[in-house]
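S.K.: Sharing structure02.txt, compact mmCIF, C-alpha atoms and all ligand atoms:
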# COMPACT_ATOMS: atom_id res chain seq x y z
CA MET A 1 17.46 91.82 -19.33
CA ILE A 2 14.73 94.31 -18.42
CA LYS A 3 14.98 97.76 -20.05
CA ASN A 4 14.50 100.59 -17.58
CA ASN A 5 13.99 103.44 -20.10
CA LYS A 6 16.71 105.58 -18.55
CA VAL A 7 19.58 107.08 -20.51
CA ALA A 8 23.08 106.66 -19.07
CA LEU A 9 25.99 108.73 -20.40
CA ILE A 10 29.51 107.48 -19.70
CA THR A 11 32.23 110.00 -20.48
CA GLY A 12 35.38 108.33 -21.77
CA GLY A 13 33.11 105.35 -22.40
CA THR A 14 35.49 103.74 -24.87
CA GLY A 15 38.41 103.60 -22.40
CA GLY A 16 39.43 100.74 -20.12
CA ILE A 17 37.15 101.36 -17.14
CA GLY A 18 34.58 103.13 -19.34
CA THR A 19 34.08 100.01 -21.45
CA ALA A 20 33.47 97.86 -18.37
CA ILE A 21 30.96 100.44 -17.08
CA CYS A 22 29.18 100.47 -20.44
CA GLU A 23 28.96 96.67 -20.54
CA ARG A 24 27.61 96.55 -17.00
CA LEU A 25 25.02 99.33 -17.36
CA TYR A 26 23.93 97.79 -20.66
CA LYS A 27 23.26 94.52 -18.83
CA ASP A 28 21.39 96.54 -16.18
CA GLY A 29 19.00 97.73 -18.90
CA PHE A 30 20.06 101.35 -19.39
CA THR A 31 20.01 103.02 -22.79
CA LEU A 32 23.69 103.65 -23.22
CA VAL A 33 25.57 106.60 -24.59
CA ALA A 34 29.36 106.35 -24.66
CA ASN A 35 31.22 109.60 -25.12
CA TYR A 36 34.58 109.64 -26.90
CA LYS A 37 37.19 112.05 -28.22
CA ASP A 38 39.32 109.77 -30.41
CA PHE A 39 37.25 108.90 -33.52
CA ASP A 40 39.26 105.92 -34.82
CA LYS A 41 39.33 104.24 -31.43
CA ALA A 42 35.59 104.79 -31.03
CA MET A 43 34.79 103.19 -34.40
CA LYS A 44 36.72 100.02 -33.49
CA TRP A 45 35.07 100.03 -30.08
CA ARG A 46 31.58 100.15 -31.60
CA GLU A 47 32.30 97.01 -33.62
CA GLU A 48 33.40 95.24 -30.43
CA ALA A 49 30.30 96.45 -28.61
CA LYS A 50 28.09 94.59 -31.10
CA LYS A 51 29.29 91.37 -29.45
CA TRP A 52 27.56 92.37 -26.24
CA ARG A 53 24.31 92.26 -28.14
CA GLU A 54 25.09 88.79 -29.42
CA ASN A 55 25.91 87.73 -25.87
CA GLN A 56 22.66 89.26 -24.70
CA LEU A 57 20.57 87.14 -27.12
CA GLN A 58 20.30 90.02 -29.58
CA MET A 59 18.04 92.16 -27.49
CA GLY A 60 18.50 94.74 -30.23
CA ILE A 61 20.01 97.69 -28.47
CA ASP A 62 22.72 99.75 -30.11
CA VAL A 63 25.25 101.57 -28.04
CA LYS A 64 25.12 105.17 -29.12
CA ILE A 65 28.52 106.83 -29.25
CA VAL A 66 28.89 110.59 -29.22
CA GLU A 67 31.91 112.74 -29.89
CA GLY A 68 32.64 115.51 -27.42
CA ASP A 69 35.56 117.12 -25.63
CA ILE A 70 34.38 117.09 -22.04
CA ALA A 71 37.04 119.64 -21.08
CA ASP A 72 35.35 122.18 -23.36
CA TYR A 73 31.96 123.70 -22.45
CA LYS A 74 30.81 124.44 -26.02
CA SER A 75 31.76 121.00 -27.32
CA SER A 76 29.98 119.32 -24.38
CA GLU A 77 26.91 121.53 -24.82
CA ARG A 78 26.64 120.43 -28.45
CA MET A 79 27.06 116.80 -27.42
CA MET A 80 24.38 117.02 -24.72
CA LYS A 81 21.96 118.64 -27.18
CA GLU A 82 22.59 115.80 -29.64
CA ILE A 83 21.83 113.24 -26.90
CA GLN A 84 18.71 115.08 -25.74
CA ASP A 85 17.36 115.45 -29.30
CA GLU A 86 18.17 111.93 -30.53
CA ILE A 87 17.89 109.76 -27.42
CA GLY A 88 16.44 111.55 -24.42
CA THR A 89 17.26 113.08 -21.05
CA VAL A 90 20.44 111.82 -19.43
CA GLN A 91 19.45 110.41 -16.04
CA VAL A 92 22.72 108.69 -15.18
CA LEU A 93 25.96 110.59 -15.76
CA VAL A 94 29.22 108.78 -15.12
CA ASN A 95 32.07 111.30 -15.09
CA ASN A 96 34.73 108.77 -16.05
CA ALA A 97 36.97 110.41 -18.68
CA GLY A 98 40.39 111.26 -17.36
CA ILE A 99 44.06 111.64 -18.19
CA THR A 100 47.43 111.70 -16.45
CA ARG A 101 50.39 113.98 -17.16
CA ASP A 102 52.70 112.85 -14.35
CA THR A 103 55.79 114.78 -13.42
CA PRO A 104 57.18 116.32 -10.21
CA LEU A 105 55.95 119.86 -9.65
CA HIS A 106 59.36 121.46 -10.20
CA LYS A 107 59.28 120.12 -13.79
CA MET A 108 55.54 120.50 -14.46
CA THR A 109 54.56 122.84 -17.28
CA PRO A 110 51.43 125.01 -17.11
CA GLU A 111 50.08 122.87 -20.01
CA GLN A 112 50.44 119.67 -17.96
CA TRP A 113 48.70 121.29 -15.01
CA PHE A 114 45.80 122.86 -16.93
CA GLU A 115 45.22 119.88 -19.22
CA VAL A 116 44.70 117.57 -16.25
CA ILE A 117 42.57 120.06 -14.26
CA ASN A 118 40.42 120.79 -17.31
CA THR A 119 39.94 117.16 -18.33
CA ASN A 120 39.59 115.59 -14.88
CA LEU A 121 37.86 118.30 -12.84
CA ASN A 122 36.43 121.12 -14.92
CA SER A 123 34.72 118.41 -17.01
CA VAL A 124 32.82 117.32 -13.90
CA PHE A 125 31.36 120.82 -13.58
CA ILE A 126 30.71 121.05 -17.33
CA CYS A 127 28.93 117.72 -17.77
CA SER A 128 27.04 117.87 -14.47
CA ARG A 129 25.89 121.44 -15.16
CA LEU A 130 24.56 120.41 -18.55
CA VAL A 131 22.48 117.46 -17.26
CA ILE A 132 21.41 118.50 -13.76
CA GLU A 133 18.26 120.42 -14.75
CA GLY A 134 16.97 117.47 -16.80
CA MET A 135 17.49 115.12 -13.85
CA ILE A 136 15.70 117.49 -11.46
CA GLU A 137 12.78 117.82 -13.88
CA LYS A 138 12.49 114.02 -14.07
CA LYS A 139 12.83 113.81 -10.26
CA TRP A 140 15.38 111.00 -10.68
CA GLY A 141 19.04 111.15 -11.44
CA ARG A 142 22.48 109.81 -10.61
CA ILE A 143 25.84 111.53 -11.01
CA ILE A 144 28.76 109.19 -10.33
CA SER A 145 32.27 110.62 -10.67
CA ILE A 146 35.31 108.37 -10.95
CA SER A 147 37.88 109.86 -8.58
CA SER A 148 41.01 108.00 -7.44
CA VAL A 149 42.82 106.66 -4.41
CA ASN A 150 45.50 109.21 -5.27
CA GLY A 151 43.01 112.03 -4.64
CA GLN A 152 42.74 110.65 -1.09
CA LYS A 153 46.37 109.90 -0.29
CA GLY A 154 48.41 111.95 -2.81
CA GLN A 155 51.03 110.51 -5.15
CA PHE A 156 54.53 111.52 -6.16
CA GLY A 157 54.46 113.22 -9.57
CA GLN A 158 50.69 113.77 -9.47
CA THR A 159 50.05 117.20 -7.94
CA ASN A 160 47.84 117.94 -10.96
CA TYR A 161 45.97 114.59 -10.97
CA ALA A 162 45.55 114.32 -7.18
CA THR A 163 44.25 117.91 -7.01
CA ALA A 164 41.65 117.22 -9.69
CA LYS A 165 40.55 113.93 -8.11
CA ALA A 166 40.37 115.46 -4.60
CA GLY A 167 38.32 118.36 -6.00
CA MET A 168 35.65 115.88 -7.06
CA TYR A 169 34.84 115.13 -3.41
CA GLY A 170 34.02 118.75 -2.55
CA PHE A 171 31.94 119.11 -5.71
CA THR A 172 30.07 115.89 -4.95
CA LYS A 173 29.23 116.73 -1.35
CA SER A 174 28.07 120.25 -2.24
CA LEU A 175 25.90 119.21 -5.17
CA ALA A 176 24.51 116.32 -3.09
CA LEU A 177 23.18 118.91 -0.62
CA GLU A 178 21.58 120.88 -3.46
CA THR A 179 19.78 117.86 -4.92
CA ALA A 180 19.05 115.71 -1.83
CA LYS A 181 15.32 116.52 -1.89
CA LYS A 182 15.05 116.23 -5.67
CA GLY A 183 15.57 112.50 -6.25
CA VAL A 184 19.08 113.05 -7.61
CA THR A 185 22.05 111.41 -5.88
CA ILE A 186 25.66 112.49 -6.34
CA ASN A 187 28.55 110.18 -5.41
CA THR A 188 32.14 109.31 -6.19
CA ILE A 189 33.97 106.04 -6.66
CA SER A 190 37.68 105.97 -5.86
CA PRO A 191 39.47 103.16 -7.65
CA GLY A 192 42.91 102.00 -6.67
CA TYR A 193 45.21 100.79 -9.45
CA VAL A 194 43.25 99.09 -12.23
CA GLY A 195 44.80 97.18 -15.13
CA THR A 196 43.98 99.57 -17.99
CA SER A 197 46.23 101.37 -20.47
CA MET A 198 46.52 104.26 -17.97
CA VAL A 199 48.28 101.97 -15.48
CA MET A 200 50.08 99.82 -18.04
CA ALA A 201 51.74 103.09 -19.21
CA ILE A 202 53.55 103.27 -15.86
CA ARG A 203 57.13 101.92 -16.11
CA GLU A 204 57.09 98.21 -15.30
CA ASP A 205 59.48 98.36 -12.33
CA ILE A 206 57.48 101.21 -10.77
CA ARG A 207 54.22 99.37 -11.47
CA ASN A 208 55.53 96.24 -9.76
CA LYS A 209 56.51 98.28 -6.72
CA ILE A 210 52.98 99.71 -6.60
CA ILE A 211 51.47 96.21 -6.79
CA GLU A 212 53.68 95.09 -3.89
CA GLN A 213 52.07 97.83 -1.77
CA ILE A 214 48.50 96.71 -2.50
CA PRO A 215 47.31 94.52 0.40
CA MET A 216 45.43 92.24 -2.03
CA GLY A 217 48.63 91.92 -4.08
CA ARG A 218 47.04 92.61 -7.47
CA LEU A 219 45.64 95.31 -9.73
CA GLY A 220 41.88 95.84 -9.81
CA ASP A 221 39.74 94.59 -12.68
CA PRO A 222 37.71 97.26 -14.55
CA LYS A 223 34.62 95.09 -13.86
CA GLU A 224 35.15 95.66 -10.14
CA ILE A 225 34.76 99.42 -10.68
CA ALA A 226 31.78 98.87 -12.97
CA SER A 227 29.91 96.86 -10.35
CA ALA A 228 30.19 99.78 -7.88
CA VAL A 229 28.84 102.11 -10.59
CA SER A 230 25.99 99.68 -11.25
CA TYR A 231 25.07 99.70 -7.56
CA LEU A 232 25.14 103.50 -7.22
CA ALA A 233 23.04 103.83 -10.38
CA SER A 234 20.43 101.37 -9.08
CA GLU A 235 17.26 101.90 -7.05
CA GLU A 236 18.90 100.05 -4.15
CA ALA A 237 21.35 102.93 -3.69
CA SER A 238 18.64 105.61 -3.50
CA TYR A 239 19.56 106.64 0.10
CA ILE A 240 23.27 107.10 -0.69
CA THR A 241 24.37 110.61 -1.61
CA GLY A 242 27.46 112.77 -1.07
CA SER A 243 29.33 109.57 -0.49
CA ASP A 244 32.36 107.70 -1.83
CA ILE A 245 32.98 104.02 -2.47
CA SER A 246 36.66 103.06 -2.42
CA VAL A 247 37.53 100.10 -4.64
CA ASN A 248 41.24 99.75 -4.04
CA GLY A 249 42.19 96.29 -2.75
CA GLY A 250 42.94 97.78 0.68
CA LEU A 251 45.54 100.26 -0.61
CA TYR A 252 44.05 103.15 1.35
CA MET A 253 41.50 102.88 4.15
CA SER A 254 39.97 106.22 5.09
CA ARG A 255 38.40 106.64 8.55
N1 LIG B 301 43.23 102.85 -14.31
C1 LIG B 301 43.37 103.15 -13.04
O1 LIG B 301 44.14 102.52 -12.30
C2 LIG B 301 42.57 104.24 -12.42
C3 LIG B 301 42.67 104.43 -11.04
C4 LIG B 301 41.92 105.43 -10.44
C5 LIG B 301 41.12 106.23 -11.20
N2 LIG B 301 41.05 106.05 -12.53
C6 LIG B 301 40.19 106.94 -13.30
O2 LIG B 301 39.27 106.18 -14.05
C7 LIG B 301 38.91 106.87 -15.23
C8 LIG B 301 39.09 105.96 -16.45
O3 LIG B 301 40.45 105.59 -16.54
P1 LIG B 301 40.97 104.39 -17.46
O4 LIG B 301 41.98 103.67 -16.67
O5 LIG B 301 39.82 103.65 -18.05
O6 LIG B 301 41.76 105.22 -18.56
P2 LIG B 301 41.75 105.13 -20.16
O7 LIG B 301 41.62 103.72 -20.60
O8 LIG B 301 42.94 105.92 -20.60
O9 LIG B 301 40.42 105.90 -20.54
C9 LIG B 301 40.28 107.28 -20.39
C10 LIG B 301 39.19 107.77 -21.30
O10 LIG B 301 39.04 109.17 -21.11
C11 LIG B 301 38.74 109.72 -22.38
N3 LIG B 301 39.09 111.14 -22.47
C12 LIG B 301 40.26 111.74 -22.14
N4 LIG B 301 40.19 113.05 -22.38
C13 LIG B 301 38.95 113.30 -22.87
C14 LIG B 301 38.27 114.47 -23.30
N5 LIG B 301 38.84 115.68 -23.25
N6 LIG B 301 36.99 114.34 -23.76
C15 LIG B 301 36.40 113.13 -23.80
N7 LIG B 301 36.98 111.99 -23.39
C16 LIG B 301 38.25 112.08 -22.94
C17 LIG B 301 39.53 108.91 -23.38
O11 LIG B 301 38.86 109.00 -24.62
P3 LIG B 301 39.63 109.03 -26.04
O12 LIG B 301 40.51 107.82 -26.04
O13 LIG B 301 38.53 109.00 -27.03
O14 LIG B 301 40.43 110.31 -26.02
C18 LIG B 301 39.46 107.51 -22.77
O15 LIG B 301 38.40 106.79 -23.31
C19 LIG B 301 39.80 108.12 -15.27
O16 LIG B 301 39.10 109.24 -14.78
C20 LIG B 301 40.93 107.77 -14.33
O17 LIG B 301 41.53 108.90 -13.75
C21 LIG B 301 41.76 105.08 -13.17
Show the structure stored in the file as structure tokens.
M.R.:
Amino acid sequence: MIKNNKVALITGGTGGIGTAICERLYKDGFTLVANYKDFDKAMKWREEAKKWRENQLQMGIDVKIVEGDIADYKSSERMMKEIQDEIGTVQVLVNNAGITRDTPLHKMTPEQWFEVINTNLNSVFICSRLVIEGMIEKKWGRIISISSVNGQKGQFGQTNYATAKAGMYGFTKSLALETAKKGVTINTISPGYVGTSMVMAIREDIRNKIIEQIPMGRLGDPKEIASAVSYLASEEASYITGSDISVNGGLYMSR
């Protein structure tokens, strides 16, 4: 493994897809920072992460984990300062943290709406705003936001979630225009249904019906999302900006 001296921050890094992204970017040689909100879960996760080092012939890199509520500007500002002071400038930001609060609109509470919009969309503004100047100064940066197939096609019970995920595309295209000449690329990845706790929380009969509709006939593996992140974060993807990569087993084919 060759270290590349760049710091990569993965929000929700201790979750299902986040963990796969961390493992992959670690193998790619990034200095990793995994953001979390749930302390107990993060402590267990850090123990597990030590195994990656063993697998990587003890190259001696620790995965830094930082607490921060990415839906809250002040909390995120404190987290970013901690990263800047202790590790360095974030040059790869993966906006991965997200939640669901599914329910049809006629039953949706304002809390369910605002919690999802704040966590899944306002966080993208918050975290990107806090790292963008550092990336521009370094003349190299990557912002990769994990959207969703349901932001493209809509989903029953997900007016809140689909709105947040669709909003990421407009943000991405606009910021991509602002940074196109500055060495900073901005893209989204839109996963289909991936076998993490978020999807395993869906009632089994409903989940099975969803799987039946996926042309490949199976859920995605978190590693399949992580490999798309790895590509967009790499030098090879330097001419890709304002774009989206769908990783959905054929569930939705746009254009
Ligand atoms: N799984 C899928 O099928 C699928 C499909 C399309 C898109 N996605 C998207 O992929 C991303 C990852 O999903 P996943 O399946 O890996 O879900 P997950 O296992 O539930 O992980 C979500 C992560 O988000 C973090 N998080 C939530 N609220 C946060 C906050 N306010 N501040 C900081 N971190 C917060 C959680 O951290 P704590 O546990 O520490 O709170 C958790 O680590 C999400 O954006 C999701 O919408 C998933």
S.K.: Take every atom of ligand LIG 301 (chain B) listed in the file, fit an axis-aligned box around them, add 3 Å per side, and give the centre and edge lengths in Å to one decimal as AutoDock Vina command-line options.
M.R.:
--center_x 40.3 --center_y 109.1 --center_z -18.7 --size_x 13.7 --size_y 19.2 --size_z 22.6
S.K.: Please identify the residues whose atoms come within 7 Å of ligand LIG 301 (chain B), using all atoms listed in the file, and report them as an MDAnalysis selection string.
M.R.: chainID A and resid 11:18 35:39 41:42 68:71 96:99 119:120 146:149 190:199
S.K.: With C-alpha atoms retained, write the just-selected residues as a PDB file, in the frame of the given file.
M.R.:
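And here is the file that came out, out_23.pdb:
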ATOM      1  CA  THR A  11      32.230 110.000 -20.480  1.00  0.00           C
ATOM      2  CA  GLY A  12      35.380 108.330 -21.770  1.00  0.00           C
ATOM      3  CA  GLY A  13      33.110 105.350 -22.400  1.00  0.00           C
ATOM      4  CA  THR A  14      35.490 103.740 -24.870  1.00  0.00           C
ATOM      5  CA  GLY A  15      38.410 103.600 -22.400  1.00  0.00           C
ATOM      6  CA  GLY A  16      39.430 100.740 -20.120  1.00  0.00           C
ATOM      7  CA  ILE A  17      37.150 101.360 -17.140  1.00  0.00           C
ATOM      8  CA  GLY A  18      34.580 103.130 -19.340  1.00  0.00           C
ATOM      9  CA  ASN A  35      31.220 109.600 -25.120  1.00  0.00           C
ATOM     10  CA  TYR A  36      34.580 109.640 -26.900  1.00  0.00           C
ATOM     11  CA  LYS A  37      37.190 112.050 -28.220  1.00  0.00           C
ATOM     12  CA  ASP A  38      39.320 109.770 -30.410  1.00  0.00           C
ATOM     13  CA  PHE A  39      37.250 108.900 -33.520  1.00  0.00           C
ATOM     14  CA  LYS A  41      39.330 104.240 -31.430  1.00  0.00           C
ATOM     15  CA  ALA A  42      35.590 104.790 -31.030  1.00  0.00           C
ATOM     16  CA  GLY A  68      32.640 115.510 -27.420  1.00  0.00           C
ATOM     17  CA  ASP A  69      35.560 117.120 -25.630  1.00  0.00           C
ATOM     18  CA  ILE A  70      34.380 117.090 -22.040  1.00  0.00           C
ATOM     19  CA  ALA A  71      37.040 119.640 -21.080  1.00  0.00           C
ATOM     20  CA  ASN A  96      34.730 108.770 -16.050  1.00  0.00           C
ATOM     21  CA  ALA A  97      36.970 110.410 -18.680  1.00  0.00           C
ATOM     22  CA  GLY A  98      40.390 111.260 -17.360  1.00  0.00           C
ATOM     23  CA  ILE A  99      44.060 111.640 -18.190  1.00  0.00           C
ATOM     24  CA  THR A 119      39.940 117.160 -18.330  1.00  0.00           C
ATOM     25  CA  ASN A 120      39.590 115.590 -14.880  1.00  0.00           C
ATOM     26  CA  ILE A 146      35.310 108.370 -10.950  1.00  0.00           C
ATOM     27  CA  SER A 147      37.880 109.860  -8.580  1.00  0.00           C
ATOM     28  CA  SER A 148      41.010 108.000  -7.440  1.00  0.00           C
ATOM     29  CA  VAL A 149      42.820 106.660  -4.410  1.00  0.00           C
ATOM     30  CA  SER A 190      37.680 105.970  -5.860  1.00  0.00           C
ATOM     31  CA  PRO A 191      39.470 103.160  -7.650  1.00  0.00           C
ATOM     32  CA  GLY A 192      42.910 102.000  -6.670  1.00  0.00           C
ATOM     33  CA  TYR A 193      45.210 100.790  -9.450  1.00  0.00           C
ATOM     34  CA  VAL A 194      43.250  99.090 -12.230  1.00  0.00           C
ATOM     35  CA  GLY A 195      44.800  97.180 -15.130  1.00  0.00           C
ATOM     36  CA  THR A 196      43.980  99.570 -17.990  1.00  0.00           C
ATOM     37  CA  SER A 197      46.230 101.370 -20.470  1.00  0.00           C
ATOM     38  CA  MET A 198      46.520 104.260 -17.970  1.00  0.00           C
ATOM     39  CA  VAL A 199      48.280 101.970 -15.480  1.00  0.00           C
TER      40      VAL A 199
END
S.K.: What does the distance from atom CA of A:Cys127 to atom CA of A:Ser76 come to in Å, to one decimal?
M.R.: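 Rounded to one decimal, the two atoms are 6.9 Å apart.
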S.K.: Please indicate the distance in Å from atom CA of A:Lys138 to atom CA of A:Gln91, rounded to one decimal place.
M.R.: 8.1 Å
S.K.: Using all atoms listed in the file, pick whichever of A:Gly88, A:Gly167, A:Gly250, A:Gly157 has the shortest atom-to-atom distance to A:Ile117.
M.R.: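 Of the candidates, the smallest distance to A:Ile117 is held by A:Gly167.
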S.K.: Name all residues at most 12 Å from stretch 209-211 of chain A (count all atoms listed in the file; drop same-chain ones fewer than 3 positions away) and give them as a count of residues only.
M.R.: 24
S.K.: Report, in Å to a single decimal, how far apart atom CA of A:Arg46 and atom CA of A:Leu93 are.
M.R.: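 Separation of atom CA of A:Leu93 and atom CA of A:Arg46: 19.8 Å.
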S.K.: Identify, on the basis of only C-alpha atoms, every residue whose closest approach to stretch 25-31 of chain A does not exceed 6 Å; exclude the query and any residue fewer than 3 positions from it along the same chain; express the result as an MDAnalysis selection string.
M.R.: chainID A and resid 2:4 6:7 22
S.K.: So that I can see what lies close to A:Thr185, please list as a PyMOL selection string the residues with an atom at most 9 Å from it, counting all atoms listed in the file and leaving out residues fewer than 4 positions away in the same chain.
M.R.: chain A and resi 140-144+175-176+179-180+232-233+237-242
S.K.: Taking 2 positions as the minimum chain separation for residues in the same chain, which residues sit within 10 Å of A:Val63 when counting only C-alpha atoms? Answer as a ChimeraX atom specification.
M.R.: /A:22-23,26,31-34,46,49-50,52-53,60-61,65-66
S.K.: Around the point (35.2, 102.5, -9.4) in the file's coordinates, collect all residues with an atom within 8 Å, using all atoms listed in the file, and return them as a PyMOL selection string.
M.R.: chain A and resi 146-147+189-191+222+224-229+245-247
S.K.: Go through A:Ala201, A:Val90, A:Val116, A:Met135 one by one, measure the shortest atom-to-atom distance of each to A:Val184 using only C-alpha atoms, and give the residue with the smallest value.
M.R.: A:Met135
S.K.: Have a look at A:Ile83, A:Ile21, A:Val124, A:Ala166 and name the one nearest to A:Asn95; count only C-alpha atoms.
M.R.: A:Val124
S.K.: Return the single residue from A:Leu105, A:Leu130, A:Ile136, A:Leu177 that is closest to A:Asn160, with distances computed using all atoms listed in the file.
M.R.: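 Among the listed residues, A:Leu105 lies closest to A:Asn160.
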S.K.: Looking at only C-alpha atoms, which of A:Ile10, A:Ile186, A:Ala162, A:Met168 is the one that sits closest to A:Asp102?
M.R.: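 Checking each of A:Ile10, A:Ile186, A:Ala162, A:Met168 against A:Asp102, counting only C-alpha atoms, the winner is A:Ala162.
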S.K.: For a quick check of understanding, using only C-alpha atoms, which of A:Ala164, A:Ala20, A:Ala8, A:Met253 has the smallest distance to A:Ser123?
M.R.: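 Of the candidates, the smallest distance to A:Ser123 is held by A:Ala164.
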